[in-house]
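Student: What follows is final_26.pdb, PDB, N, CA and C atoms.
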```pdb
ATOM      1  N   MET A   1      41.887  -9.142 -11.311
ATOM      2  CA  MET A   1      41.080  -7.943 -11.217
ATOM      3  C   MET A   1      41.766  -7.005 -10.225
ATOM      4  N   ASN A   2      41.914  -5.738 -10.605
ATOM      5  CA  ASN A   2      42.617  -4.839  -9.696
ATOM      6  C   ASN A   2      41.704  -4.387  -8.556
ATOM      7  N   THR A   3      42.331  -3.867  -7.520
ATOM      8  CA  THR A   3      41.622  -3.496  -6.298
ATOM      9  C   THR A   3      40.582  -2.411  -6.552
ATOM     10  N   THR A   4      40.907  -1.422  -7.370
ATOM     11  CA  THR A   4      39.970  -0.329  -7.648
ATOM     12  C   THR A   4      38.713  -0.861  -8.336
ATOM     13  N   LEU A   5      38.875  -1.750  -9.283
ATOM     14  CA  LEU A   5      37.733  -2.324  -9.982
ATOM     15  C   LEU A   5      36.882  -3.160  -9.023
ATOM     16  N   ARG A   6      37.514  -3.943  -8.166
ATOM     17  CA  ARG A   6      36.775  -4.742  -7.182
ATOM     18  C   ARG A   6      35.989  -3.858  -6.226
ATOM     19  N   LEU A   7      36.600  -2.779  -5.760
ATOM     20  CA  LEU A   7      35.909  -1.861  -4.865
ATOM     21  C   LEU A   7      34.738  -1.179  -5.570
ATOM     22  N   SER A   8      34.935  -0.827  -6.823
ATOM     23  CA  SER A   8      33.850  -0.208  -7.588
ATOM     24  C   SER A   8      32.686  -1.164  -7.761
ATOM     25  N   LEU A   9      32.976  -2.419  -8.076
ATOM     26  CA  LEU A   9      31.917  -3.419  -8.235
ATOM     27  C   LEU A   9      31.203  -3.679  -6.911
ATOM     28  N   ALA A  10      31.960  -3.701  -5.824
ATOM     29  CA  ALA A  10      31.358  -3.901  -4.503
ATOM     30  C   ALA A  10      30.448  -2.728  -4.153
ATOM     31  N   ALA A  11      30.875  -1.517  -4.463
ATOM     32  CA  ALA A  11      30.058  -0.327  -4.197
ATOM     33  C   ALA A  11      28.777  -0.357  -5.024
ATOM     34  N   LEU A  12      28.870  -0.775  -6.280
ATOM     35  CA  LEU A  12      27.680  -0.889  -7.127
ATOM     36  C   LEU A  12      26.712  -1.933  -6.575
ATOM     37  N   ALA A  13      27.224  -3.046  -6.129
ATOM     38  CA  ALA A  13      26.372  -4.093  -5.567
ATOM     39  C   ALA A  13      25.683  -3.596  -4.306
ATOM     40  N   LEU A  14      26.401  -2.874  -3.456
ATOM     41  CA  LEU A  14      25.817  -2.323  -2.236
ATOM     42  C   LEU A  14      24.745  -1.293  -2.570
ATOM     43  N   ALA A  15      24.993  -0.438  -3.542
ATOM     44  CA  ALA A  15      24.017   0.576  -3.946
ATOM     45  C   ALA A  15      22.756  -0.080  -4.490
ATOM     46  N   ALA A  16      22.905  -1.115  -5.300
ATOM     47  CA  ALA A  16      21.747  -1.825  -5.855
ATOM     48  C   ALA A  16      20.924  -2.467  -4.749
ATOM     49  N   THR A  17      21.585  -3.050  -3.766
ATOM     50  CA  THR A  17      20.883  -3.670  -2.641
ATOM     51  C   THR A  17      20.137  -2.615  -1.832
ATOM     52  N   THR A  18      20.778  -1.478  -1.603
ATOM     53  CA  THR A  18      20.149  -0.391  -0.852
ATOM     54  C   THR A  18      18.941   0.153  -1.589
ATOM     55  N   LEU A  19      19.046   0.348  -2.898
ATOM     56  CA  LEU A  19      17.912   0.833  -3.689
ATOM     57  C   LEU A  19      16.764  -0.168  -3.672
ATOM     58  N   GLN A  20      17.081  -1.444  -3.763
ATOM     59  CA  GLN A  20      16.052  -2.467  -3.743
ATOM     60  C   GLN A  20      15.323  -2.458  -2.397
ATOM     61  N   ALA A  21      16.049  -2.335  -1.308
ATOM     62  CA  ALA A  21      15.424  -2.294   0.015
ATOM     63  C   ALA A  21      14.546  -1.060   0.162
ATOM     64  N   ALA A  22      14.992   0.080  -0.348
ATOM     65  CA  ALA A  22      14.197   1.304  -0.266
ATOM     66  C   ALA A  22      12.920   1.189  -1.073
ATOM     67  N   ALA A  23      12.948   0.412  -2.142
ATOM     68  CA  ALA A  23      11.767   0.250  -2.995
ATOM     69  C   ALA A  23      10.633  -0.443  -2.252
ATOM     70  N   TYR A  24      10.924  -1.131  -1.156
ATOM     71  CA  TYR A  24       9.884  -1.832  -0.410
ATOM     72  C   TYR A  24       9.095  -0.917   0.528
ATOM     73  N   ASP A  25       9.459   0.352   0.627
ATOM     74  CA  ASP A  25       8.734   1.286   1.485
ATOM     75  C   ASP A  25       7.558   1.850   0.693
ATOM     76  N   ARG A  26       6.380   1.282   0.902
ATOM     77  CA  ARG A  26       5.183   1.664   0.155
ATOM     78  C   ARG A  26       4.142   2.209   1.138
ATOM     79  N   THR A  27       4.133   3.507   1.309
ATOM     80  CA  THR A  27       3.199   4.145   2.235
ATOM     81  C   THR A  27       2.152   4.905   1.436
ATOM     82  N   VAL A  28       0.884   4.685   1.769
ATOM     83  CA  VAL A  28      -0.228   5.375   1.110
ATOM     84  C   VAL A  28      -1.108   5.979   2.195
ATOM     85  N   ARG A  29      -1.485   7.230   2.009
ATOM     86  CA  ARG A  29      -2.438   7.872   2.917
ATOM     87  C   ARG A  29      -3.827   7.700   2.310
ATOM     88  N   ILE A  30      -4.717   7.049   3.078
ATOM     89  CA  ILE A  30      -6.104   6.822   2.663
ATOM     90  C   ILE A  30      -6.937   7.983   3.194
ATOM     91  N   HIS A  31      -7.649   8.660   2.300
ATOM     92  CA  HIS A  31      -8.486   9.807   2.661
ATOM     93  C   HIS A  31      -9.954   9.413   2.548
ATOM     94  N   ASN A  32     -10.732   9.765   3.548
ATOM     95  CA  ASN A  32     -12.173   9.494   3.533
ATOM     96  C   ASN A  32     -12.930  10.804   3.355
ATOM     97  N   ASN A  33     -13.430  11.035   2.147
ATOM     98  CA  ASN A  33     -14.220  12.227   1.834
ATOM     99  C   ASN A  33     -15.583  11.813   1.291
ATOM    100  N   THR A  34     -16.189  10.817   1.913
ATOM    101  CA  THR A  34     -17.439  10.240   1.418
ATOM    102  C   THR A  34     -18.688  10.792   2.081
ATOM    103  N   GLY A  35     -18.525  11.458   3.216
ATOM    104  CA  GLY A  35     -19.687  11.852   4.004
ATOM    105  C   GLY A  35     -20.106  10.767   4.981
ATOM    106  N   LEU A  36     -19.425   9.637   4.952
ATOM    107  CA  LEU A  36     -19.717   8.495   5.820
ATOM    108  C   LEU A  36     -18.479   8.146   6.638
ATOM    109  N   THR A  37     -18.665   7.291   7.628
ATOM    110  CA  THR A  37     -17.544   6.802   8.424
ATOM    111  C   THR A  37     -17.029   5.502   7.824
ATOM    112  N   LEU A  38     -15.725   5.417   7.644
ATOM    113  CA  LEU A  38     -15.080   4.193   7.170
ATOM    114  C   LEU A  38     -14.919   3.268   8.374
ATOM    115  N   VAL A  39     -15.498   2.061   8.282
ATOM    116  CA  VAL A  39     -15.472   1.155   9.440
ATOM    117  C   VAL A  39     -14.596  -0.079   9.231
ATOM    118  N   LYS A  40     -14.252  -0.379   7.972
ATOM    119  CA  LYS A  40     -13.452  -1.571   7.698
ATOM    120  C   LYS A  40     -12.615  -1.315   6.444
ATOM    121  N   PHE A  41     -11.329  -1.700   6.494
ATOM    122  CA  PHE A  41     -10.473  -1.562   5.319
ATOM    123  C   PHE A  41      -9.593  -2.797   5.207
ATOM    124  N   GLN A  42      -9.645  -3.416   4.038
ATOM    125  CA  GLN A  42      -8.811  -4.588   3.767
ATOM    126  C   GLN A  42      -8.093  -4.386   2.439
ATOM    127  N   SER A  43      -6.981  -5.059   2.294
ATOM    128  CA  SER A  43      -6.249  -5.043   1.036
ATOM    129  C   SER A  43      -5.603  -6.403   0.822
ATOM    130  N   THR A  44      -5.199  -6.612  -0.398
ATOM    131  CA  THR A  44      -4.455  -7.816  -0.756
ATOM    132  C   THR A  44      -3.667  -7.510  -2.013
ATOM    133  N   ASN A  45      -2.575  -8.216  -2.224
ATOM    134  CA  ASN A  45      -1.869  -8.000  -3.475
ATOM    135  C   ASN A  45      -2.791  -8.458  -4.609
ATOM    136  N   SER A  46      -2.796  -7.705  -5.689
ATOM    137  CA  SER A  46      -3.687  -8.007  -6.809
ATOM    138  C   SER A  46      -3.473  -9.429  -7.294
ATOM    139  N   GLY A  47      -4.568 -10.111  -7.512
ATOM    140  CA  GLY A  47      -4.511 -11.487  -7.986
ATOM    141  C   GLY A  47      -4.611 -12.523  -6.890
ATOM    142  N   ALA A  48      -4.522 -12.093  -5.635
ATOM    143  CA  ALA A  48      -4.643 -13.048  -4.528
ATOM    144  C   ALA A  48      -6.099 -13.480  -4.384
ATOM    145  N   SER A  49      -6.312 -14.638  -3.813
ATOM    146  CA  SER A  49      -7.666 -15.181  -3.711
ATOM    147  C   SER A  49      -8.378 -14.772  -2.419
ATOM    148  N   ARG A  50      -7.647 -14.204  -1.453
ATOM    149  CA  ARG A  50      -8.264 -13.837  -0.171
ATOM    150  C   ARG A  50      -7.845 -12.433   0.235
ATOM    151  N   TRP A  51      -8.747 -11.740   0.922
ATOM    152  CA  TRP A  51      -8.452 -10.417   1.451
ATOM    153  C   TRP A  51      -7.564 -10.546   2.689
ATOM    154  N   GLY A  52      -6.754  -9.534   2.929
ATOM    155  CA  GLY A  52      -5.974  -9.459   4.153
ATOM    156  C   GLY A  52      -6.872  -9.077   5.316
ATOM    157  N   ARG A  53      -6.289  -8.978   6.488
ATOM    158  CA  ARG A  53      -7.065  -8.653   7.687
ATOM    159  C   ARG A  53      -7.563  -7.212   7.624
ATOM    160  N   ASP A  54      -8.625  -6.950   8.384
ATOM    161  CA  ASP A  54      -9.173  -5.602   8.506
ATOM    162  C   ASP A  54      -8.210  -4.770   9.347
ATOM    163  N   VAL A  55      -7.642  -3.730   8.768
ATOM    164  CA  VAL A  55      -6.659  -2.920   9.488
ATOM    165  C   VAL A  55      -7.313  -1.937  10.453
ATOM    166  N   MET A  56      -8.623  -1.763  10.370
ATOM    167  CA  MET A  56      -9.317  -0.804  11.238
ATOM    168  C   MET A  56      -9.484  -1.342  12.652
ATOM    169  N   GLY A  57      -9.655  -2.651  12.796
ATOM    170  CA  GLY A  57      -9.905  -3.207  14.118
ATOM    171  C   GLY A  57     -11.153  -2.585  14.705
ATOM    172  N   SER A  58     -11.042  -2.020  15.897
ATOM    173  CA  SER A  58     -12.190  -1.365  16.517
ATOM    174  C   SER A  58     -12.215   0.133  16.219
ATOM    175  N   SER A  59     -11.266   0.627  15.434
ATOM    176  CA  SER A  59     -11.202   2.046  15.072
ATOM    177  C   SER A  59     -12.095   2.332  13.872
ATOM    178  N   THR A  60     -12.374   3.608  13.668
ATOM    179  CA  THR A  60     -13.093   4.060  12.482
ATOM    180  C   THR A  60     -12.370   5.282  11.927
ATOM    181  N   LEU A  61     -12.714   5.637  10.693
ATOM    182  CA  LEU A  61     -12.140   6.828  10.071
ATOM    183  C   LEU A  61     -13.292   7.735   9.657
ATOM    184  N   ALA A  62     -13.423   8.849  10.358
ATOM    185  CA  ALA A  62     -14.518   9.790  10.116
ATOM    186  C   ALA A  62     -14.372  10.467   8.756
ATOM    187  N   ASN A  63     -15.486  10.979   8.255
ATOM    188  CA  ASN A  63     -15.465  11.782   7.038
ATOM    189  C   ASN A  63     -14.480  12.936   7.225
ATOM    190  N   GLY A  64     -13.657  13.179   6.235
ATOM    191  CA  GLY A  64     -12.653  14.236   6.293
ATOM    192  C   GLY A  64     -11.333  13.788   6.896
ATOM    193  N   GLY A  65     -11.282  12.573   7.433
ATOM    194  CA  GLY A  65     -10.069  12.065   8.051
ATOM    195  C   GLY A  65      -9.189  11.304   7.068
ATOM    196  N   SER A  66      -8.001  10.987   7.528
ATOM    197  CA  SER A  66      -7.088  10.181   6.715
ATOM    198  C   SER A  66      -6.266   9.299   7.632
ATOM    199  N   MET A  67      -5.712   8.256   7.053
ATOM    200  CA  MET A  67      -4.827   7.349   7.794
ATOM    201  C   MET A  67      -3.717   6.899   6.867
ATOM    202  N   LYS A  68      -2.556   6.659   7.439
ATOM    203  CA  LYS A  68      -1.394   6.213   6.686
ATOM    204  C   LYS A  68      -1.267   4.704   6.814
ATOM    205  N   LEU A  69      -1.133   4.018   5.686
ATOM    206  CA  LEU A  69      -0.943   2.570   5.686
ATOM    207  C   LEU A  69       0.351   2.229   4.955
ATOM    208  N   HIS A  70       1.034   1.215   5.461
ATOM    209  CA  HIS A  70       2.275   0.743   4.857
ATOM    210  C   HIS A  70       2.002  -0.592   4.175
ATOM    211  N   PHE A  71       2.324  -0.677   2.906
ATOM    212  CA  PHE A  71       2.095  -1.884   2.125
ATOM    213  C   PHE A  71       3.408  -2.615   1.856
ATOM    214  N   ASP A  72       4.276  -2.641   2.843
ATOM    215  CA  ASP A  72       5.557  -3.338   2.712
ATOM    216  C   ASP A  72       5.319  -4.845   2.792
ATOM    217  N   ASN A  73       6.014  -5.578   1.967
ATOM    218  CA  ASN A  73       5.966  -7.029   2.056
ATOM    219  C   ASN A  73       7.273  -7.604   1.526
ATOM    220  N   ALA A  74       7.488  -8.830   1.813
ATOM    221  CA  ALA A  74       8.748  -9.480   1.439
ATOM    222  C   ALA A  74       8.844  -9.768  -0.056
ATOM    223  N   TYR A  75       7.722  -9.642  -0.774
ATOM    224  CA  TYR A  75       7.711 -10.024  -2.184
ATOM    225  C   TYR A  75       7.851  -8.846  -3.137
ATOM    226  N   GLY A  76       7.767  -7.623  -2.629
ATOM    227  CA  GLY A  76       7.952  -6.451  -3.474
ATOM    228  C   GLY A  76       6.761  -6.106  -4.345
ATOM    229  N   TYR A  77       5.568  -6.557  -3.973
ATOM    230  CA  TYR A  77       4.381  -6.241  -4.780
ATOM    231  C   TYR A  77       4.130  -4.742  -4.793
ATOM    232  N   CYS A  78       3.683  -4.239  -5.931
ATOM    233  CA  CYS A  78       3.284  -2.844  -6.047
ATOM    234  C   CYS A  78       1.776  -2.708  -6.230
ATOM    235  N   GLU A  79       1.131  -3.697  -6.826
ATOM    236  CA  GLU A  79      -0.303  -3.591  -7.098
ATOM    237  C   GLU A  79      -1.115  -4.323  -6.038
ATOM    238  N   PHE A  80      -2.030  -3.566  -5.426
ATOM    239  CA  PHE A  80      -2.899  -4.084  -4.379
ATOM    240  C   PHE A  80      -4.347  -3.786  -4.722
ATOM    241  N   ASP A  81      -5.246  -4.627  -4.243
ATOM    242  CA  ASP A  81      -6.679  -4.389  -4.327
ATOM    243  C   ASP A  81      -7.130  -3.853  -2.977
ATOM    244  N   PHE A  82      -8.003  -2.838  -2.991
ATOM    245  CA  PHE A  82      -8.523  -2.221  -1.770
ATOM    246  C   PHE A  82      -9.999  -2.542  -1.621
ATOM    247  N   LYS A  83     -10.431  -2.731  -0.374
ATOM    248  CA  LYS A  83     -11.845  -2.937  -0.059
ATOM    249  C   LYS A  83     -12.174  -2.114   1.181
ATOM    250  N   ALA A  84     -13.096  -1.163   1.017
ATOM    251  CA  ALA A  84     -13.507  -0.290   2.116
ATOM    252  C   ALA A  84     -14.985  -0.501   2.395
ATOM    253  N   VAL A  85     -15.327  -0.588   3.675
ATOM    254  CA  VAL A  85     -16.729  -0.733   4.092
ATOM    255  C   VAL A  85     -17.071   0.487   4.942
ATOM    256  N   PHE A  86     -18.228   1.085   4.644
ATOM    257  CA  PHE A  86     -18.647   2.306   5.321
ATOM    258  C   PHE A  86     -19.825   2.044   6.249
ATOM    259  N   SER A  87     -20.098   3.028   7.105
ATOM    260  CA  SER A  87     -21.084   2.871   8.176
ATOM    261  C   SER A  87     -22.490   2.538   7.681
ATOM    262  N   ASP A  88     -22.832   2.880   6.452
ATOM    263  CA  ASP A  88     -24.160   2.559   5.927
ATOM    264  C   ASP A  88     -24.189   1.220   5.193
ATOM    265  N   GLY A  89     -23.057   0.483   5.229
ATOM    266  CA  GLY A  89     -22.979  -0.816   4.564
ATOM    267  C   GLY A  89     -22.414  -0.770   3.151
ATOM    268  N   THR A  90     -22.182   0.425   2.629
ATOM    269  CA  THR A  90     -21.597   0.558   1.296
ATOM    270  C   THR A  90     -20.211  -0.075   1.272
ATOM    271  N   VAL A  91     -19.950  -0.869   0.239
ATOM    272  CA  VAL A  91     -18.644  -1.503   0.046
ATOM    273  C   VAL A  91     -18.055  -0.971  -1.259
ATOM    274  N   LEU A  92     -16.870  -0.415  -1.186
ATOM    275  CA  LEU A  92     -16.178   0.063  -2.377
ATOM    276  C   LEU A  92     -14.900  -0.737  -2.555
ATOM    277  N   GLN A  93     -14.726  -1.286  -3.756
ATOM    278  CA  GLN A  93     -13.525  -2.049  -4.066
ATOM    279  C   GLN A  93     -12.816  -1.410  -5.253
ATOM    280  N   LYS A  94     -11.519  -1.384  -5.177
ATOM    281  CA  LYS A  94     -10.701  -0.876  -6.267
ATOM    282  C   LYS A  94      -9.569  -1.856  -6.503
ATOM    283  N   ALA A  95      -9.452  -2.335  -7.728
ATOM    284  CA  ALA A  95      -8.408  -3.299  -8.083
ATOM    285  C   ALA A  95      -7.179  -2.580  -8.625
ATOM    286  N   ARG A  96      -6.056  -3.191  -8.409
ATOM    287  CA  ARG A  96      -4.789  -2.811  -9.021
ATOM    288  C   ARG A  96      -4.335  -1.376  -8.709
ATOM    289  N   VAL A  97      -4.381  -1.002  -7.431
ATOM    290  CA  VAL A  97      -3.839   0.288  -7.004
ATOM    291  C   VAL A  97      -2.326   0.116  -6.885
ATOM    292  N   ASN A  98      -1.578   0.935  -7.599
ATOM    293  CA  ASN A  98      -0.126   0.835  -7.576
ATOM    294  C   ASN A  98       0.406   1.644  -6.388
ATOM    295  N   VAL A  99       0.705   0.949  -5.295
ATOM    296  CA  VAL A  99       1.163   1.617  -4.071
ATOM    297  C   VAL A  99       2.608   2.109  -4.191
ATOM    298  N   CYS A 100       3.308   1.704  -5.233
ATOM    299  CA  CYS A 100       4.660   2.206  -5.474
ATOM    300  C   CYS A 100       4.624   3.598  -6.104
ATOM    301  N   GLN A 101       3.484   3.948  -6.726
ATOM    302  CA  GLN A 101       3.357   5.236  -7.390
ATOM    303  C   GLN A 101       2.316   6.144  -6.751
ATOM    304  N   THR A 102       1.471   5.599  -5.869
ATOM    305  CA  THR A 102       0.376   6.363  -5.265
ATOM    306  C   THR A 102       0.723   6.713  -3.826
ATOM    307  N   GLY A 103       0.791   7.991  -3.523
ATOM    308  CA  GLY A 103       1.045   8.427  -2.160
ATOM    309  C   GLY A 103      -0.234   8.711  -1.395
ATOM    310  N   ASP A 104      -1.305   9.040  -2.134
ATOM    311  CA  ASP A 104      -2.602   9.351  -1.532
ATOM    312  C   ASP A 104      -3.698   8.669  -2.343
ATOM    313  N   TYR A 105      -4.661   8.072  -1.627
ATOM    314  CA  TYR A 105      -5.808   7.444  -2.269
ATOM    315  C   TYR A 105      -7.060   8.034  -1.637
ATOM    316  N   TYR A 106      -7.982   8.523  -2.462
ATOM    317  CA  TYR A 106      -9.161   9.230  -1.981
ATOM    318  C   TYR A 106     -10.442   8.420  -2.212
ATOM    319  N   TYR A 107     -11.231   8.289  -1.145
ATOM    320  CA  TYR A 107     -12.607   7.830  -1.270
ATOM    321  C   TYR A 107     -13.457   9.088  -1.209
ATOM    322  N   THR A 108     -14.284   9.278  -2.241
ATOM    323  CA  THR A 108     -15.099  10.491  -2.317
ATOM    324  C   THR A 108     -16.560  10.144  -2.507
ATOM    325  N   GLU A 109     -17.421  11.154  -2.338
ATOM    326  CA  GLU A 109     -18.867  10.950  -2.472
ATOM    327  C   GLU A 109     -19.221  10.461  -3.849
TER     328      GLU A 109
END
```
Represent the structure contained in this file as structure tokens.

Tutor:
Amino acid sequence: MNTTLRLSLAALALAATTLQAAAYDRTVRIHNNTGLTLVKFQSTNSGASRWGRDVMGSSTLANGGSMKLHFDNAYGYCEFDFKAVFSDGTVLQKARVNVCQTGDYYYTE
């Protein structure tokens, strides 16, 4: 194999690795337009049997506010289930949100 061909193949392999790593950057801005305060937010990759930890902790997200969440993981999942709990006890769940294609997710009245 000549040197030019080897260098070209090496460059292609490096580009593929770089693109794959970039694909793991899954950031979604969660918007709260419900008229209520968001007090708890959990997610899990779709199909999992347990919810992930509450990312809100002791924080809340007021009506009209937004927060940025990163759904990066070592497995490259794109589909996640969301669970939001609001100050009046309302629980909203949404299955199969594609975080690879969704930059903003809105909770509305």

Student: Show me, as number ranges by chain, the residues that have an atom within 9 Å of stretch 46-52 of chain A when counting only C-alpha atoms, minus same-chain residues fewer than 2 positions from it.

Tutor: A: 42-44, 54-55, 77-83, 95-97

Student: Please expand the PyMOL selection byres ((chain A and resi 88) around 8) into the concrete residues it hits in this file, giving the result as a PyMOL selection string.

Tutor: chain A and resi 36-39+85-87+89-91

Student: Report as AutoDock Vina command-line options the centre and the edge lengths, in Å to one decimal, of the axis-aligned box holding every listed atom of stretch 86-101 of chain A, padded by 3 Å on each side.

Tutor:
```
--center_x -9.8 --center_y 1.4 --center_z -0.4 --size_x 34.8 --size_y 15.4 --size_z 23.2
```

Student: Which is closest to A:Phe71 among A:Met56, A:Val99, A:Leu92, A:Ala84, if we use all atoms listed in the file?

Tutor: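 Going through A:Met56, A:Val99, A:Leu92, A:Ala84 one by one, the smallest distance to A:Phe71 is for A:Val99.
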
Student: Mind checking which residues fall within 6 Å of A:His70, counting all atoms listed in the file, ignoring those fewer than 2 positions away in the same chain, and posting them as a PDB file with N, CA and C atoms, in the frame of the given file?

Tutor:
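So the final result, stored in selection_32.pdb, reads:
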```pdb
ATOM      1  N   ARG A  26       6.380   1.282   0.902  1.00  0.00           N
ATOM      2  CA  ARG A  26       5.183   1.664   0.155  1.00  0.00           C
ATOM      3  C   ARG A  26       4.142   2.209   1.138  1.00  0.00           C
ATOM      4  N   THR A  27       4.133   3.507   1.309  1.00  0.00           N
ATOM      5  CA  THR A  27       3.199   4.145   2.235  1.00  0.00           C
ATOM      6  C   THR A  27       2.152   4.905   1.436  1.00  0.00           C
ATOM      7  N   VAL A  28       0.884   4.685   1.769  1.00  0.00           N
ATOM      8  CA  VAL A  28      -0.228   5.375   1.110  1.00  0.00           C
ATOM      9  C   VAL A  28      -1.108   5.979   2.195  1.00  0.00           C
ATOM     10  N   LYS A  68      -2.556   6.659   7.439  1.00  0.00           N
ATOM     11  CA  LYS A  68      -1.394   6.213   6.686  1.00  0.00           C
ATOM     12  C   LYS A  68      -1.267   4.704   6.814  1.00  0.00           C
ATOM     13  N   ASP A  72       4.276  -2.641   2.843  1.00  0.00           N
ATOM     14  CA  ASP A  72       5.557  -3.338   2.712  1.00  0.00           C
ATOM     15  C   ASP A  72       5.319  -4.845   2.792  1.00  0.00           C
TER      16      ASP A  72
END
```

Student: Would you compute the distance between atom CA of A:Tyr107 and atom C of A:Lys40? Give it in Å to one decimal.

Tutor: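 Answer for the atom CA of A:Tyr107 to atom C of A:Lys40 separation: 12.0 Å.
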
Student: For A:His31, which of A:Thr102, A:Thr108, A:Asn73, A:Asn45 is the closest residue, counting all atoms listed in the file?

Tutor: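 The shortest atom-to-atom distance to A:His31 comes from A:Thr108.
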
Student: Quick check for you: according to DSSP on this backbone, which residues of stretch 23-73 of chain A are classed as strand (DSSP E or B)? Reply as a list of chain:residue names.

Tutor: A:Thr27, A:Val28, A:Arg29, A:Ile30, A:His31, A:Asn32, A:Asn33, A:Leu38, A:Val39, A:Lys40, A:Phe41, A:Gln42, A:Ser43, A:Thr44, A:Asn45, A:Leu61, A:Ser66, A:Met67, A:Lys68, A:Leu69, A:His70

Student: Missing atoms in stretch 32-38 of chain A: fill them in up to all heavy atoms and send the result as a PDB file, in the frame of the given file.

Tutor:
```pdb
ATOM      1  N   ASN A  32     -10.732   9.765   3.548  1.00  0.00           N
ATOM      2  CA  ASN A  32     -12.173   9.494   3.533  1.00  0.00           C
ATOM      3  C   ASN A  32     -12.930  10.804   3.355  1.00  0.00           C
ATOM      4  O   ASN A  32     -13.060  11.595   4.281  1.00  0.00           O
ATOM      5  CB  ASN A  32     -12.607   8.811   4.832  1.00  0.00           C
ATOM      6  CG  ASN A  32     -14.093   8.540   4.854  1.00  0.00           C
ATOM      7  OD1 ASN A  32     -14.765   8.602   3.828  1.00  0.00           O
ATOM      8  ND2 ASN A  32     -14.624   8.248   6.017  1.00  0.00           N
ATOM      9  N   ASN A  33     -13.430  11.035   2.147  1.00  0.00           N
ATOM     10  CA  ASN A  33     -14.220  12.227   1.834  1.00  0.00           C
ATOM     11  C   ASN A  33     -15.583  11.813   1.291  1.00  0.00           C
ATOM     12  O   ASN A  33     -16.072  12.367   0.316  1.00  0.00           O
ATOM     13  CB  ASN A  33     -13.480  13.110   0.823  1.00  0.00           C
ATOM     14  CG  ASN A  33     -12.177  13.642   1.373  1.00  0.00           C
ATOM     15  OD1 ASN A  33     -12.065  13.926   2.557  1.00  0.00           O
ATOM     16  ND2 ASN A  33     -11.175  13.757   0.526  1.00  0.00           N
ATOM     17  N   THR A  34     -16.189  10.817   1.913  1.00  0.00           N
ATOM     18  CA  THR A  34     -17.439  10.240   1.418  1.00  0.00           C
ATOM     19  C   THR A  34     -18.688  10.792   2.081  1.00  0.00           C
ATOM     20  O   THR A  34     -19.790  10.567   1.604  1.00  0.00           O
ATOM     21  CB  THR A  34     -17.449   8.713   1.641  1.00  0.00           C
ATOM     22  OG1 THR A  34     -17.366   8.457   3.045  1.00  0.00           O
ATOM     23  CG2 THR A  34     -16.297   8.035   0.906  1.00  0.00           C
ATOM     24  N   GLY A  35     -18.525  11.458   3.216  1.00  0.00           N
ATOM     25  CA  GLY A  35     -19.687  11.852   4.004  1.00  0.00           C
ATOM     26  C   GLY A  35     -20.106  10.767   4.981  1.00  0.00           C
ATOM     27  O   GLY A  35     -21.038  10.942   5.752  1.00  0.00           O
ATOM     28  N   LEU A  36     -19.425   9.637   4.952  1.00  0.00           N
ATOM     29  CA  LEU A  36     -19.717   8.495   5.820  1.00  0.00           C
ATOM     30  C   LEU A  36     -18.479   8.146   6.638  1.00  0.00           C
ATOM     31  O   LEU A  36     -17.376   8.600   6.345  1.00  0.00           O
ATOM     32  CB  LEU A  36     -20.119   7.270   4.984  1.00  0.00           C
ATOM     33  CG  LEU A  36     -21.332   7.427   4.072  1.00  0.00           C
ATOM     34  CD1 LEU A  36     -21.405   6.265   3.097  1.00  0.00           C
ATOM     35  CD2 LEU A  36     -22.598   7.525   4.916  1.00  0.00           C
ATOM     36  N   THR A  37     -18.665   7.291   7.628  1.00  0.00           N
ATOM     37  CA  THR A  37     -17.544   6.802   8.424  1.00  0.00           C
ATOM     38  C   THR A  37     -17.029   5.502   7.824  1.00  0.00           C
ATOM     39  O   THR A  37     -17.808   4.607   7.504  1.00  0.00           O
ATOM     40  CB  THR A  37     -17.988   6.568   9.881  1.00  0.00           C
ATOM     41  OG1 THR A  37     -18.454   7.810  10.418  1.00  0.00           O
ATOM     42  CG2 THR A  37     -16.844   6.059  10.735  1.00  0.00           C
ATOM     43  N   LEU A  38     -15.725   5.417   7.644  1.00  0.00           N
ATOM     44  CA  LEU A  38     -15.080   4.193   7.170  1.00  0.00           C
ATOM     45  C   LEU A  38     -14.919   3.268   8.374  1.00  0.00           C
ATOM     46  O   LEU A  38     -14.317   3.653   9.379  1.00  0.00           O
ATOM     47  CB  LEU A  38     -13.717   4.517   6.559  1.00  0.00           C
ATOM     48  CG  LEU A  38     -12.862   3.366   6.049  1.00  0.00           C
ATOM     49  CD1 LEU A  38     -13.529   2.672   4.867  1.00  0.00           C
ATOM     50  CD2 LEU A  38     -11.495   3.863   5.647  1.00  0.00           C
TER      51      LEU A  38
END
```
